[in-house]
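Here's the structure we're looking at; comments come further down.
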Amino acid sequence: EVQNEIDSVQSELSTAQTTIAEKEAEIAKIDQSRVVYKFQADVNAARLALENIDTASSRQALTFVQSDLADLENTGIAPDAIAGFKARIEEALENLDKDPLQSKEAMETLNENLLLLINNL
């Protein structure tokens, strides 16, 4: 009888461990989505600031975008999924004052790449 009880508890423990692993995977996916959407919001803030000819605010938002990229990398996302993001951010920052149109194009490309990423998460 005791052995049956032990077997039952071990079975319940195994089921609970499986459920915990599944929930942890769900939480990781939700966190990854949260980071991607914050990333997108910051890119859009940088784009809007540039449209309003506010390069200081655009630069500030792009600084947050750099941080967002680092956060996204820490979620374990596949490097190929975000290939080119860093280059687009750097291009946008470099051209912000000297060639705002080039900076805008870099941010638009980054936003399009983010939309593609979101659709494939």
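Labels used: A, B, ... for chains in the order of the structure tokens, numbers from 1 for residues in each chain, and numbers from 1 for ligands as shown.
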
Item to complete: Write out as an MDAnalysis selection string which residues come within 8 Å of segment 28-34 of chain A when counting only C-alpha atoms, dropping same-chain ones fewer than 2 positions away.
Response: chainID A and resid 24:26 36:38 72 75 77 118 121

Could you turn the residues from that selection into a file that holds C-alpha atoms, as an mmCIF file, in the first residue's frame?
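Saved file out20.cif follows:
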data_model
loop_
_atom_site.group_PDB
_atom_site.id
_atom_site.type_symbol
_atom_site.label_atom_id
_atom_site.label_comp_id
_atom_site.auth_asym_id
_atom_site.auth_seq_id
_atom_site.Cartn_x
_atom_site.Cartn_y
_atom_site.Cartn_z
ATOM 1 C CA GLU A 24 8.388 28.415 -17.880
ATOM 2 C CA ALA A 25 8.600 28.106 -21.676
ATOM 3 C CA GLU A 26 5.373 30.109 -22.021
ATOM 4 C CA VAL A 36 10.076 42.962 -29.000
ATOM 5 C CA TYR A 37 7.036 45.224 -28.581
ATOM 6 C CA LYS A 38 9.004 47.638 -26.379
ATOM 7 C CA LEU A 72 16.211 40.938 -26.900
ATOM 8 C CA THR A 75 15.961 36.332 -24.337
ATOM 9 C CA ILE A 77 16.364 34.674 -29.662
ATOM 10 C CA ILE A 118 6.808 39.792 -34.713
ATOM 11 C CA LEU A 121 7.552 34.725 -33.239
#

Practice prompt. Please provide as a list in words all residues within 10 Å of Ala56 of chain A, with the sequence filter that same-chain residues fewer than 4 positions apart are discarded (counting only C-alpha atoms).
Written response: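 Result of the neighbour search: Ala46, Ala49, Leu50, Gln60, Ala61, Leu62, Leu96 and Asp97 of chain A.
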
Worksheet entry | Arg88 of chain A surroundings by only C-alpha atoms, 7 Å radius, close-in-sequence under 2 positions cut, as a list in words | Gly84, Phe85, Lys86, Glu90, Glu91, Ala92, Ala106, Met107 and Leu110 of chain A

Restrict the selected residues to N, CA, C and O atoms and save them as a JSON list (two decimals), in the first residue's frame.
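Full text of part-v2.json as output:
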[["chain", "number", "residue", "atom", "x", "y", "z"],
["A", 84, "GLY", "N", 21.34, 42.16, -38.60],
["A", 84, "GLY", "CA", 21.21, 43.45, -39.24],
["A", 84, "GLY", "C", 20.59, 44.53, -38.37],
["A", 84, "GLY", "O", 20.66, 45.71, -38.71],
["A", 85, "PHE", "N", 19.99, 44.18, -37.25],
["A", 85, "PHE", "CA", 19.36, 45.18, -36.39],
["A", 85, "PHE", "C", 20.39, 46.18, -35.86],
["A", 85, "PHE", "O", 20.17, 47.38, -35.89],
["A", 86, "LYS", "N", 21.52, 45.66, -35.39],
["A", 86, "LYS", "CA", 22.54, 46.53, -34.81],
["A", 86, "LYS", "C", 23.07, 47.51, -35.87],
["A", 86, "LYS", "O", 23.24, 48.70, -35.59],
["A", 90, "GLU", "N", 22.91, 51.60, -35.68],
["A", 90, "GLU", "CA", 24.13, 52.41, -35.80],
["A", 90, "GLU", "C", 24.03, 53.37, -36.98],
["A", 90, "GLU", "O", 24.44, 54.53, -36.87],
["A", 91, "GLU", "N", 23.48, 52.91, -38.09],
["A", 91, "GLU", "CA", 23.30, 53.77, -39.26],
["A", 91, "GLU", "C", 22.37, 54.93, -38.94],
["A", 91, "GLU", "O", 22.63, 56.08, -39.31],
["A", 92, "ALA", "N", 21.29, 54.65, -38.23],
["A", 92, "ALA", "CA", 20.35, 55.70, -37.86],
["A", 92, "ALA", "C", 21.01, 56.74, -36.96],
["A", 92, "ALA", "O", 20.84, 57.94, -37.15],
["A", 106, "ALA", "N", 16.91, 54.11, -42.39],
["A", 106, "ALA", "CA", 17.44, 53.03, -41.54],
["A", 106, "ALA", "C", 16.40, 52.62, -40.49],
["A", 106, "ALA", "O", 16.20, 51.43, -40.23],
["A", 107, "MET", "N", 15.74, 53.62, -39.91],
["A", 107, "MET", "CA", 14.72, 53.32, -38.89],
["A", 107, "MET", "C", 13.50, 52.63, -39.52],
["A", 107, "MET", "O", 12.90, 51.75, -38.91],
["A", 110, "LEU", "N", 14.47, 49.10, -40.06],
["A", 110, "LEU", "CA", 14.46, 48.42, -38.76],
["A", 110, "LEU", "C", 13.03, 48.09, -38.34],
["A", 110, "LEU", "O", 12.75, 46.98, -37.87]]

Worksheet entry | Using only C-alpha atoms: which of A:Lys23, A:Leu114, A:Val35, A:Ser14 has the shortest distance to Asp71 of chain A | A:Val35

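Of note, atom CA of Asp42 of chain A and atom CA of Val65 of chain A are spaced 5.8 Å apart.
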
Worksheet item: Got a sec to tell me which of chain A DSSP assigns to alpha helix (DSSP H), as a PyMOL selection string?
Response: chain A and resi 2-51+55-73+85-95+100-120
